[in-house]
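Peer 1: The file below is protein-v2.cif, mmCIF, C-alpha atoms:
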```
data_entry
loop_
_atom_site.label_atom_id
_atom_site.label_comp_id
_atom_site.auth_asym_id
_atom_site.auth_seq_id
_atom_site.Cartn_x
_atom_site.Cartn_y
_atom_site.Cartn_z
CA MET A 1 8.19 12.47 -14.76
CA THR A 2 5.54 10.45 -16.55
CA TYR A 3 5.79 6.83 -15.49
CA PHE A 4 4.77 4.35 -18.20
CA ASP A 5 6.17 1.06 -16.87
CA ALA A 6 3.30 -0.31 -14.78
CA ALA A 7 3.82 -3.75 -16.35
CA ALA A 8 7.10 -3.91 -14.43
CA ALA A 9 5.83 -2.25 -11.25
CA ALA A 10 2.75 -0.09 -10.74
CA PRO A 11 3.03 2.89 -8.37
CA LEU A 12 2.05 1.95 -4.83
CA HIS A 13 -1.72 2.26 -4.42
CA PRO A 14 -2.64 4.78 -1.67
CA VAL A 15 -4.67 2.08 0.09
CA ALA A 16 -1.57 -0.13 0.12
CA ARG A 17 0.46 2.64 1.70
CA GLN A 18 -2.11 3.11 4.48
CA ALA A 19 -2.35 -0.64 5.08
CA LEU A 20 1.43 -1.00 5.08
CA LEU A 21 1.91 1.72 7.70
CA ALA A 22 -0.87 0.30 9.88
CA ALA A 23 0.53 -3.23 9.62
CA LEU A 24 4.05 -2.02 10.52
CA ASP A 25 2.58 -0.85 13.83
CA ASP A 26 0.22 -3.75 14.33
CA GLY A 27 1.62 -6.76 12.49
CA TRP A 28 5.33 -6.93 13.28
CA ALA A 29 5.23 -10.03 15.49
CA ASP A 30 5.81 -13.60 14.33
CA PRO A 31 2.34 -14.92 13.44
CA GLY A 32 3.46 -18.45 14.34
CA LYS A 33 3.80 -17.68 18.07
CA LEU A 34 1.17 -17.85 20.80
CA TYR A 35 1.18 -14.46 22.60
CA SER A 36 -1.28 -11.68 21.92
CA GLN A 37 0.92 -9.67 19.50
CA ALA A 38 1.47 -12.85 17.52
CA ARG A 39 -2.25 -13.59 17.45
CA ARG A 40 -2.85 -10.08 16.10
CA ALA A 41 -0.28 -10.69 13.38
CA ARG A 42 -1.91 -14.05 12.60
CA GLN A 43 -5.30 -12.33 12.32
CA LEU A 44 -3.88 -9.84 9.83
CA LEU A 45 -2.29 -12.62 7.78
CA ASP A 46 -5.49 -14.68 7.79
CA ALA A 47 -7.54 -11.64 6.79
CA ALA A 48 -5.12 -10.85 3.95
CA ARG A 49 -5.31 -14.44 2.78
CA ALA A 50 -9.11 -14.51 2.99
CA THR A 51 -9.42 -11.25 1.04
CA THR A 52 -7.01 -12.35 -1.66
CA ALA A 53 -8.57 -15.80 -1.99
CA GLU A 54 -12.05 -14.32 -2.28
CA ILE A 55 -10.98 -12.00 -5.10
CA LEU A 56 -9.25 -14.86 -6.92
CA ARG A 57 -12.31 -17.09 -6.24
CA VAL A 58 -10.19 -19.79 -4.60
CA ARG A 59 -10.08 -21.35 -1.11
CA PRO A 60 -7.81 -19.63 1.43
CA ASP A 61 -5.86 -22.85 1.97
CA GLU A 62 -5.09 -23.03 -1.74
CA LEU A 63 -3.18 -19.73 -1.58
CA THR A 64 0.47 -19.21 -0.61
CA PHE A 65 2.25 -15.87 -0.36
CA THR A 66 5.78 -15.87 -1.76
CA SER A 67 8.62 -13.38 -1.76
CA GLY A 68 7.63 -12.17 -5.23
CA GLY A 69 6.34 -13.12 -8.65
CA THR A 70 9.60 -14.79 -9.67
CA GLU A 71 9.65 -17.07 -6.64
CA ALA A 72 5.97 -17.88 -7.20
CA ALA A 73 6.65 -18.83 -10.84
CA GLN A 74 9.62 -20.97 -9.90
CA SER A 75 7.61 -22.73 -7.19
CA ALA A 76 4.75 -23.38 -9.60
CA VAL A 77 7.05 -24.94 -12.20
CA ARG A 78 9.17 -26.95 -9.79
CA GLY A 79 6.27 -28.07 -7.59
CA GLY A 80 4.09 -28.87 -10.58
CA LEU A 81 6.83 -30.94 -12.22
CA SER A 82 7.83 -32.66 -8.99
CA GLY A 83 4.25 -33.59 -8.07
CA ARG A 84 3.77 -35.28 -11.44
CA ARG A 85 7.16 -36.91 -11.93
CA ARG A 86 5.56 -40.35 -12.29
CA ALA A 87 3.70 -39.07 -15.35
CA GLY A 88 6.78 -37.55 -16.95
CA ASP A 89 9.34 -34.79 -16.78
CA ARG A 90 8.34 -32.47 -19.63
CA LEU A 91 6.92 -28.95 -19.31
CA VAL A 92 4.93 -27.77 -22.32
CA HIS A 93 4.96 -23.96 -22.46
CA SER A 94 4.28 -21.15 -24.89
CA ALA A 95 7.24 -19.44 -26.54
CA ILE A 96 6.29 -16.17 -24.82
CA GLU A 97 6.36 -17.14 -21.14
CA HIS A 98 8.08 -14.86 -18.66
CA SER A 99 11.81 -15.56 -18.39
CA ALA A 100 11.29 -16.73 -14.77
CA VAL A 101 9.14 -19.60 -16.10
CA LEU A 102 11.58 -20.44 -18.90
CA TYR A 103 14.48 -20.40 -16.46
CA ALA A 104 12.66 -22.71 -14.03
CA ALA A 105 11.70 -25.03 -16.92
CA GLY A 106 15.32 -25.45 -18.00
CA SER A 107 15.89 -28.53 -20.13
CA ALA A 108 12.40 -29.90 -19.30
CA GLY A 109 10.75 -27.32 -21.56
CA VAL A 110 8.86 -28.09 -24.77
CA GLU A 111 8.11 -24.83 -26.59
CA VAL A 112 4.83 -24.14 -28.42
CA PRO A 113 4.96 -21.30 -30.98
CA VAL A 114 2.82 -18.16 -31.25
CA ASP A 115 1.62 -16.31 -34.34
CA ARG A 116 2.71 -12.86 -35.57
CA GLN A 117 0.21 -11.25 -33.14
CA GLY A 118 1.71 -13.15 -30.21
CA ARG A 119 -1.18 -15.60 -29.77
CA LEU A 120 -0.62 -19.25 -28.85
CA ASP A 121 -0.84 -21.80 -31.69
CA LEU A 122 -3.67 -23.87 -30.17
CA ASP A 123 -3.34 -26.78 -32.61
CA ALA A 124 0.34 -27.16 -31.73
CA TRP A 125 -0.54 -26.81 -28.04
CA ARG A 126 -3.15 -29.61 -28.24
CA GLU A 127 -0.62 -31.91 -29.90
CA ALA A 128 2.11 -31.02 -27.40
CA VAL A 129 0.09 -31.53 -24.21
CA LYS A 130 -1.17 -34.97 -25.23
CA SER A 131 2.25 -36.34 -26.14
CA PRO A 132 3.82 -38.86 -23.71
CA GLY A 133 5.88 -37.74 -20.73
CA VAL A 134 4.25 -34.34 -20.18
CA ALA A 135 4.04 -33.50 -16.47
CA LEU A 136 2.83 -29.90 -16.65
CA ALA A 137 1.79 -27.18 -19.09
CA ALA A 138 2.43 -23.44 -18.60
CA LEU A 139 0.67 -20.55 -20.31
CA ILE A 140 0.93 -16.85 -19.54
CA SER A 141 -2.55 -15.29 -19.23
CA ALA A 142 -1.56 -12.34 -21.45
CA SER A 143 1.79 -11.32 -22.83
CA HIS A 144 3.75 -9.08 -20.48
CA GLU A 145 5.63 -7.65 -23.46
CA VAL A 146 3.02 -7.12 -26.17
CA GLY A 147 -0.31 -7.41 -24.32
CA THR A 148 -1.92 -10.14 -26.42
CA VAL A 149 -4.46 -12.08 -24.32
CA GLN A 150 -3.90 -15.83 -24.57
CA PRO A 151 -6.64 -18.45 -25.19
CA VAL A 152 -6.46 -19.76 -21.61
CA ALA A 153 -9.91 -21.41 -21.61
CA GLU A 154 -9.20 -23.37 -24.82
CA ALA A 155 -5.70 -24.28 -23.64
CA ALA A 156 -7.17 -25.48 -20.32
CA GLN A 157 -9.69 -27.68 -22.16
CA ALA A 158 -6.86 -29.32 -24.09
CA CYS A 159 -4.96 -29.90 -20.86
CA ALA A 160 -8.01 -31.38 -19.15
CA ALA A 161 -8.57 -33.74 -22.08
CA ALA A 162 -4.93 -34.85 -21.84
CA GLY A 163 -4.98 -35.10 -18.03
CA VAL A 164 -2.17 -32.53 -17.73
CA PRO A 165 -2.39 -29.78 -15.08
CA LEU A 166 -2.16 -26.20 -16.38
CA TYR A 167 -0.11 -23.48 -14.71
CA VAL A 168 -1.21 -19.92 -15.59
CA ASP A 169 1.17 -17.00 -14.98
CA ALA A 170 -1.41 -14.27 -14.42
CA ALA A 171 0.98 -11.52 -13.36
CA GLN A 172 -0.29 -9.05 -15.97
CA SER A 173 -3.97 -9.95 -15.56
CA VAL A 174 -4.74 -10.11 -11.82
CA GLY A 175 -6.22 -6.76 -10.79
CA ARG A 176 -6.67 -5.78 -14.47
CA VAL A 177 -8.83 -8.31 -16.30
CA PRO A 178 -10.66 -11.54 -15.40
CA VAL A 179 -8.69 -14.78 -15.75
CA PRO A 180 -10.62 -17.77 -17.16
CA ASP A 181 -11.07 -20.88 -15.00
CA GLY A 182 -9.73 -24.35 -15.73
CA TRP A 183 -6.17 -23.98 -14.42
CA SER A 184 -4.53 -26.00 -11.64
CA LEU A 185 -1.77 -23.56 -10.63
CA LEU A 186 -1.74 -19.76 -10.83
CA THR A 187 0.78 -17.11 -9.86
CA ALA A 188 0.75 -13.32 -9.66
CA SER A 189 2.87 -10.45 -8.38
CA ALA A 190 1.62 -7.71 -6.05
CA ARG A 191 3.74 -4.90 -7.45
CA LYS A 192 2.00 -5.28 -10.82
CA TRP A 193 -1.35 -4.32 -9.23
CA GLY A 194 -0.16 -1.51 -6.94
CA GLY A 195 0.95 -3.55 -3.96
CA PRO A 196 4.48 -3.39 -2.56
CA ALA A 197 7.42 -5.23 -4.14
CA GLY A 198 8.33 -8.55 -2.55
CA VAL A 199 4.91 -10.21 -2.46
CA GLY A 200 3.88 -12.92 -4.89
CA LEU A 201 0.96 -15.32 -4.98
CA LEU A 202 0.88 -19.02 -5.69
CA VAL A 203 -2.46 -20.82 -5.93
CA VAL A 204 -2.48 -24.63 -5.93
CA ARG A 205 -6.00 -25.95 -6.49
CA LYS A 206 -7.26 -28.83 -4.35
CA GLY A 207 -6.49 -32.20 -5.91
CA VAL A 208 -3.36 -31.04 -7.73
CA ARG A 209 -0.40 -33.34 -7.11
CA TRP A 210 2.02 -31.22 -5.14
CA PRO A 211 5.09 -32.03 -3.05
CA PRO A 212 4.72 -31.38 0.70
CA GLY A 213 5.43 -27.71 1.35
CA HIS A 214 5.96 -25.18 4.11
CA GLU A 215 3.57 -22.70 5.69
CA ASP A 216 4.15 -19.12 4.62
CA THR A 217 4.14 -17.52 8.07
CA GLY A 218 7.66 -16.14 7.87
CA ARG A 219 7.13 -13.70 5.00
CA ASP A 220 6.93 -9.93 5.12
CA LEU A 221 3.57 -9.65 6.85
CA PRO A 222 3.04 -5.87 6.54
CA ALA A 223 3.78 -6.11 2.79
CA ILE A 224 1.31 -9.00 2.43
CA VAL A 225 -1.37 -6.99 4.25
CA ALA A 226 -0.69 -4.04 1.95
CA ALA A 227 -0.77 -6.27 -1.15
CA ALA A 228 -4.16 -7.68 -0.18
CA ALA A 229 -5.54 -4.20 0.55
CA ALA A 230 -4.32 -2.97 -2.84
CA LEU A 231 -5.79 -5.98 -4.61
CA ARG A 232 -9.18 -5.38 -3.00
CA ALA A 233 -9.03 -1.71 -4.05
CA VAL A 234 -7.96 -2.35 -7.64
CA SER A 235 -10.46 -5.17 -8.05
CA GLY A 236 -13.22 -2.74 -7.19
CA GLU A 237 -11.87 -0.29 -9.78
CA GLN A 238 -10.91 -2.96 -12.32
CA ALA A 239 -13.74 -2.67 -14.85
CA ALA A 240 -13.78 1.13 -14.76
CA GLU A 241 -10.00 1.36 -15.10
CA ALA A 242 -9.96 -1.07 -18.02
CA ALA A 243 -12.69 0.99 -19.70
CA ARG A 244 -10.66 4.16 -19.13
CA LEU A 245 -7.24 2.84 -20.16
CA ALA A 246 -8.18 0.68 -23.18
CA PRO A 247 -9.15 3.70 -25.32
CA LEU A 248 -5.84 5.38 -24.37
CA VAL A 249 -3.96 2.26 -25.51
CA ASP A 250 -6.00 2.26 -28.72
CA ARG A 251 -5.14 5.91 -29.23
CA ILE A 252 -1.41 5.21 -28.76
CA ARG A 253 -1.58 2.34 -31.28
CA ARG A 254 -3.41 4.46 -33.83
CA VAL A 255 -1.50 7.73 -33.44
CA VAL A 256 1.97 6.14 -33.27
CA ALA A 257 1.26 4.22 -36.49
CA ALA A 258 0.02 7.43 -38.15
CA THR A 259 2.66 9.90 -36.96
CA VAL A 260 5.90 7.91 -36.70
CA PRO A 261 7.18 6.67 -40.09
CA ASP A 262 8.37 3.05 -40.37
CA VAL A 263 6.97 1.88 -37.07
CA GLU A 264 5.61 -1.57 -36.33
CA VAL A 265 2.89 -1.58 -33.66
CA VAL A 266 2.88 -5.14 -32.34
CA GLY A 267 0.46 -7.44 -30.52
CA ASP A 268 -3.18 -8.21 -31.21
CA PRO A 269 -5.10 -4.99 -31.98
CA ASP A 270 -8.30 -6.11 -30.24
CA ASP A 271 -7.81 -9.08 -27.92
CA ARG A 272 -5.31 -7.40 -25.65
CA LEU A 273 -4.64 -6.12 -22.15
CA PRO A 274 -6.20 -2.71 -21.48
CA HIS A 275 -3.03 -1.09 -20.15
CA LEU A 276 -0.09 -2.16 -22.31
CA VAL A 277 1.10 -1.26 -25.82
CA THR A 278 4.31 -2.08 -27.70
CA PHE A 279 5.87 -0.79 -30.92
CA SER A 280 9.22 -0.94 -32.72
CA CYS A 281 10.82 1.93 -34.66
CA LEU A 282 12.87 0.87 -37.69
CA TYR A 283 16.60 1.81 -37.68
CA VAL A 284 16.42 3.23 -34.14
CA ASP A 285 18.62 1.97 -31.31
CA GLY A 286 16.37 0.88 -28.43
CA GLU A 287 18.71 2.07 -25.71
CA ALA A 288 19.10 5.49 -27.32
CA LEU A 289 15.32 5.75 -27.62
CA LEU A 290 14.82 4.93 -23.94
CA HIS A 291 17.37 7.54 -22.90
CA ALA A 292 15.88 10.17 -25.22
CA LEU A 293 12.40 9.54 -23.82
CA ASP A 294 13.80 9.62 -20.28
CA ARG A 295 15.29 13.06 -20.97
CA ARG A 296 11.81 14.20 -22.05
CA GLY A 297 10.36 12.84 -18.83
CA PHE A 298 8.93 9.48 -19.94
CA ALA A 299 9.79 6.19 -18.22
CA VAL A 300 9.17 3.29 -20.62
CA SER A 301 10.51 -0.23 -21.10
CA SER A 302 12.04 -1.97 -24.13
CA GLY A 303 12.52 -5.48 -25.47
CA SER A 304 15.47 -4.48 -27.66
CA SER A 305 18.68 -6.41 -27.16
CA CYS A 306 20.78 -3.34 -26.37
CA THR A 307 18.57 -2.66 -23.34
CA SER A 308 18.93 -6.17 -21.89
CA SER A 309 21.73 -7.40 -19.67
CA THR A 310 22.16 -10.46 -21.91
CA LEU A 311 22.38 -8.37 -25.13
CA ARG A 312 19.79 -10.69 -26.65
CA PRO A 313 16.53 -9.37 -28.08
CA SER A 314 13.29 -10.18 -26.31
CA HIS A 315 12.38 -13.85 -26.81
CA VAL A 316 8.76 -12.71 -27.12
CA LEU A 317 9.44 -10.40 -30.08
CA GLU A 318 11.62 -13.14 -31.62
CA ALA A 319 8.87 -15.74 -31.24
CA MET A 320 6.45 -13.37 -33.01
CA GLY A 321 8.98 -12.57 -35.74
CA VAL A 322 8.50 -8.83 -35.33
CA LEU A 323 11.13 -6.12 -35.36
CA SER A 324 13.05 -6.16 -32.07
CA HIS A 325 15.22 -3.05 -32.35
CA GLY A 326 13.87 0.39 -31.52
CA ASN A 327 11.31 -1.29 -29.28
CA VAL A 328 9.21 0.54 -26.70
CA ARG A 329 6.67 -0.85 -24.25
CA VAL A 330 4.28 1.66 -22.70
CA SER A 331 2.19 0.42 -19.77
CA LEU A 332 -0.41 2.56 -18.04
CA HIS A 333 -1.81 2.62 -14.52
CA ARG A 334 -4.43 4.30 -12.33
CA GLU A 335 -2.44 7.57 -12.12
CA THR A 336 -2.00 7.84 -15.89
CA THR A 337 -3.99 10.74 -17.37
CA GLU A 338 -5.14 11.47 -20.88
CA ALA A 339 -2.83 14.49 -20.80
CA ASP A 340 0.17 12.22 -20.08
CA VAL A 341 -0.66 10.14 -23.14
CA ASP A 342 -1.22 13.20 -25.31
CA ARG A 343 2.11 14.71 -24.29
CA PHE A 344 3.85 11.41 -25.12
CA LEU A 345 2.16 11.22 -28.50
CA SER A 346 3.05 14.83 -29.31
CA GLU A 347 6.73 14.38 -28.43
CA LEU A 348 7.44 10.88 -29.76
CA PRO A 349 7.60 11.71 -33.51
CA ASP A 350 10.27 14.35 -32.89
CA VAL A 351 12.25 12.04 -30.57
CA VAL A 352 12.34 9.30 -33.23
CA ALA A 353 13.05 11.75 -36.08
CA THR A 354 15.97 13.27 -34.14
CA LEU A 355 17.52 9.87 -33.45
CA ARG A 356 17.15 8.88 -37.09
CA ALA A 357 18.71 12.13 -38.25
CA GLU A 358 21.65 11.63 -35.88
CA ALA A 359 22.13 8.09 -37.22
CA GLY A 360 21.84 9.26 -40.84
CA VAL A 361 18.97 6.88 -41.63
CA THR A 362 16.17 9.37 -42.30
CA ASP A 363 15.74 8.57 -46.01
CA LEU A 364 16.26 4.81 -45.92
CA MET B 1 27.26 -11.47 -54.89
CA THR B 2 27.33 -8.32 -52.78
CA VAL B 3 28.53 -9.12 -49.26
CA ILE B 4 28.16 -6.69 -46.35
CA ASP B 5 30.40 -7.39 -43.39
CA CYS B 6 28.58 -6.35 -40.21
CA LEU B 7 30.44 -8.70 -37.88
CA GLY B 8 30.86 -7.09 -34.48
CA GLN B 9 28.10 -4.55 -35.15
CA ARG B 10 25.04 -4.36 -32.90
CA CYS B 11 21.47 -4.01 -34.14
CA PRO B 12 20.11 -1.93 -35.78
CA LEU B 13 23.43 -1.35 -37.63
CA PRO B 14 23.30 -4.54 -39.79
CA VAL B 15 19.74 -3.71 -40.86
CA ILE B 16 20.76 -0.12 -41.65
CA ALA B 17 23.70 -1.38 -43.73
CA LEU B 18 21.38 -3.68 -45.65
CA ALA B 19 18.85 -0.90 -46.25
CA LYS B 20 21.61 1.36 -47.60
CA ARG B 21 23.12 -1.24 -49.94
CA LEU B 22 20.11 -3.07 -51.34
CA PRO B 23 18.91 -0.22 -53.63
CA GLY B 24 22.36 -0.29 -55.26
CA VAL B 25 22.04 -3.84 -56.61
CA PRO B 26 19.86 -4.90 -59.55
CA VAL B 27 16.36 -6.21 -58.87
CA GLY B 28 16.56 -9.99 -58.45
CA GLU B 29 20.08 -9.95 -57.02
CA VAL B 30 20.98 -11.32 -53.59
CA VAL B 31 22.84 -9.40 -50.91
CA ARG B 32 24.55 -11.35 -48.12
CA VAL B 33 24.81 -9.75 -44.67
CA LEU B 34 27.41 -11.18 -42.29
CA ALA B 35 26.16 -10.38 -38.80
CA ASP B 36 26.84 -12.01 -35.44
CA ASP B 37 24.50 -9.85 -33.37
CA PRO B 38 21.74 -12.21 -32.14
CA ALA B 39 19.06 -9.66 -33.03
CA ALA B 40 20.00 -9.80 -36.74
CA ALA B 41 18.48 -13.29 -37.05
CA ASN B 42 15.14 -11.76 -36.16
CA ASP B 43 15.38 -8.24 -37.50
CA ILE B 44 16.67 -8.94 -41.02
CA PRO B 45 13.67 -11.18 -41.89
CA ALA B 46 11.37 -8.63 -40.18
CA TRP B 47 12.86 -5.82 -42.30
CA CYS B 48 12.34 -7.88 -45.47
CA ARG B 49 8.68 -8.37 -44.53
CA MET B 50 8.20 -4.65 -43.80
CA ARG B 51 9.94 -3.55 -47.03
CA GLY B 52 8.59 -6.31 -49.28
CA HIS B 53 11.95 -7.89 -50.15
CA GLU B 54 12.60 -11.63 -50.16
CA TYR B 55 14.38 -13.15 -47.18
CA VAL B 56 16.24 -16.08 -48.75
CA GLY B 57 17.59 -17.59 -45.55
CA ARG B 58 20.41 -17.96 -43.06
CA ILE B 59 23.67 -19.74 -43.69
CA THR B 60 27.00 -20.00 -41.90
CA THR B 61 30.18 -18.80 -43.59
CA ASP B 62 33.55 -19.29 -41.89
CA GLY B 63 31.71 -20.00 -38.65
CA ALA B 64 29.79 -16.72 -38.73
CA PRO B 65 26.05 -16.30 -39.36
CA ALA B 66 25.06 -14.75 -42.67
CA TYR B 67 21.67 -13.71 -44.05
CA ASP B 68 20.74 -13.62 -47.75
CA VAL B 69 18.21 -11.09 -49.02
CA ARG B 70 16.95 -10.76 -52.62
CA ARG B 71 15.92 -7.34 -53.92
CA THR B 72 12.43 -7.84 -55.37
CA HIS B 73 11.45 -4.31 -56.42
#
```
Turn this file's structure into C-alpha cells for me.
Peer 2:
Amino acid sequence: MTYFDAAAAAPLHPVARQALLAALDDGWADPGKLYSQARRARQLLDAARATTAEILRVRPDELTFTSGGTEAAQSAVRGGLSGRRRAGDRLVHSAIEHSAVLYAAGSAGVEVPVDRQGRLDLDAWREAVKSPGVALAALISASHEVGTVQPVAEAAQACAAAGVPLYVDAAQSVGRVPVPDGWSLLTASARKWGGPAGVGLLVVRKGVRWPPGHEDTGRDLPAIVAAAAALRAVSGEQAAEAARLAPLVDRIRRVVAATVPDVEVVGDPDDRLPHLVTFSCLYVDGEALLHALDRRGFAVSSGSSCTSSTLRPSHVLEAMGVLSHGNVRVSLHRETTEADVDRFLSELPDVVATLRAEAGVTDL
Amino acid sequence: MTVIDCLGQRCPLPVIALAKRLPGVPVGEVVRVLADDPAAANDIPAWCRMRGHEYVGRITTDGAPAYDVRRTH
C-alpha cells in the first residue's frame, strides 16, 4: 500500500517509536507528584517542552501541549477571543481555515476571501482587521487542502498596525517549512510531522491577553515525549526533505495535467508546501475515484462532497471557485519514494479513464 | 428555455447533464439547471470557466436552486 495522506497523519517516525517505548517504561508516573518516579516523568516532560520550544524559537513557558491539533485550535480561538473581549468579539479569518478553527469561531467569524490560487486577499484582510470590534485574527500558514503558502508576514504586519493579535494555524508547516514571525498564537499537530496522534501544540507569546489557564501535566506524557523526539528529528531533515519532495510534487502537477484529460490542478504552482498536491478530475465522482485508487494500492484524500460526512464540498475549494468533484489530495512524507510517485502517475490516467467510461462521459 | 431537472442528483451528475445538453442548443441560448446538491453552486460556474461558456447566475425557482448557463461557442 502506498500511503499518500501525510497531510492528515504522517507515518510514525522511527525516532518517535523509540522515544514512545522508552517513555512508556520511564515516564508513566504523574509528573505533578513529588516522588522519584514522578520527578523522572517531570524531567521528561520538561525536556520535551524545552526541545519543542527551541525548535519553534519560543520560550518553554509559552508552550502548552494539548490532546491534539483540534483542541489546540479551539483553545487558541476561544482563549484569544476571551482575552480580548474588551476590544470586541469578532474573529477575522481567511475563508480557507481548517474546519476546527471555523467551528470554534462560530458566529464571531468575519471571513476574508482568497483568490483562485487559494491565496489570502491581503487588501481585504487589511480592511477587515482594522475595523471596529475585532478581537483576534486567524490565518492558516499554508492551505491543508491545496498547499498554497499564505502571506503570513504581511498579514501579521497588518494585524500589528491594527493592534489585533494574530493566530497562525501552522499544522501543515511545522516540521516541513519555516513559519514567519509576527504572530501571537500558534498551533500545530504532532501526527502531521510523524509524532503520535493525540498531541497538539499551543503557543501563547508573552504579553498576549489570555484567560488564566491550567498546567498541562495531565496529558499523555509518553506521546508528548515521542512527539518532541519526532519534531527534533524532522526539523533536522526538514530542508533536505523539502528539497527532495518539492520536485516530486512538481512532477505530479506537471504529469497529471499532461496525461489526464480535463483535469484542474489547483493551488499556487510555485508558492506552495513541498509535500502536498491537489487536483480535480471533471465528471468523475470523488468517492469512486478514492475507492478505485485504494484498490490499486494508493491511499489519498479528497475534498469532494461525496467523500465528506456532511455531503458538502470542501469549503476551501469553494472559496477558490475551483472544481470540487473528482478531487484528489496527494500528500507525501519521508517514506515516499520516487518509485511510489511514478507508479501513481502511471496508473492514474487509466483509473480516471475507466471511471469516465463506466459513467458514459468519455466524450463530453 | 431548455431546463434540466437534476433535483436530487449528486455532483458530478448535474454537471454531466449540463455538458450533455448544452451542445444541443443554439449558440447564445441559455440552459437552466435545477440542482439542489450543494456542490452544484460551485461546480457549474467552475465547469463554465473550464469550457469557456458563460455562467449567467443563480436563481431560485419554486424554492429550488437553479443555475443559468449560456452557450457561447
Peer 1: Taking the file as I've supplied it (selection: the PyMOL selection byres ((chain B and resi 66) around 6)), which residues are included? Please answer as a list in words.
Peer 2: Val33, Leu34, Ala35, Arg58, Ile59, Thr60, Pro65 and Tyr67 of chain B
Peer 1: If we count all atoms listed in the file and set the cut-off at 10 Å, which residues sit around Gly57 in chain B, ignoring sequence neighbours fewer than 4 positions away in its own chain? Please answer as a PDB file with C-alpha atoms, in the coordinates of the input.
Peer 2:
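selection.pdb, freshly written:
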```
ATOM      1  CA  ARG B  32      24.550 -11.350 -48.120  1.00  0.00           C
ATOM      2  CA  ALA B  41      18.480 -13.290 -37.050  1.00  0.00           C
ATOM      3  CA  ILE B  44      16.670  -8.940 -41.020  1.00  0.00           C
ATOM      4  CA  PRO B  45      13.670 -11.180 -41.890  1.00  0.00           C
ATOM      5  CA  ALA B  66      25.060 -14.750 -42.670  1.00  0.00           C
ATOM      6  CA  TYR B  67      21.670 -13.710 -44.050  1.00  0.00           C
ATOM      7  CA  ASP B  68      20.740 -13.620 -47.750  1.00  0.00           C
ATOM      8  CA  VAL B  69      18.210 -11.090 -49.020  1.00  0.00           C
ATOM      9  CA  ARG B  70      16.950 -10.760 -52.620  1.00  0.00           C
TER      10      ARG B  70
END
```
Peer 1: Using all atoms listed in the file, select each residue of chain A with any atom at most 6 Å away from an atom of chain B, and give the selection as a PyMOL selection string.
Peer 2: chain A and resi 283+313+318+322-323
Peer 1: Keeping only C-alpha atoms, write the selected residues to a file as a PDB file, keeping the file's coordinate frame.
Peer 2:
```
ATOM      1  CA  TYR A 283      16.600   1.810 -37.680  1.00  0.00           C
ATOM      2  CA  PRO A 313      16.530  -9.370 -28.080  1.00  0.00           C
ATOM      3  CA  GLU A 318      11.620 -13.140 -31.620  1.00  0.00           C
ATOM      4  CA  VAL A 322       8.500  -8.830 -35.330  1.00  0.00           C
ATOM      5  CA  LEU A 323      11.130  -6.120 -35.360  1.00  0.00           C
TER       6      LEU A 323
END
```
Peer 1: Which neighbours of Gly106 in chain A fall inside 12 Å, counting only C-alpha atoms, when residues of the same chain fewer than 5 positions from it are skipped, and could you give them as a list in words?
Peer 2: Gln74, Val77, Arg78, Leu81, Asp89, Arg90, Leu91, Val92, His93, Ser99, Ala100, Val101 and Glu111 of chain A
Peer 1: Can you turn the PyMOL selection byres ((chain A and resi 350) around 12) into a concrete residue list for this file, as a PyMOL selection string?
Peer 2: chain A and resi 256+259-261+289+292-293+296+343-349+351-357
Peer 1: Within 10 Å of (-5.0, -21.2, -23.9), only C-alpha atoms: residues as a PyMOL selection string?
Peer 2: chain A and resi 94+119-122+125-126+138-142+149-159+166+168+180+182-183
Peer 1: State, in Å with one decimal place, the distance from CA of Gly118 in chain A to CA of Ala319 in chain A.
Peer 2: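 Those two atoms sit 7.7 Å apart.
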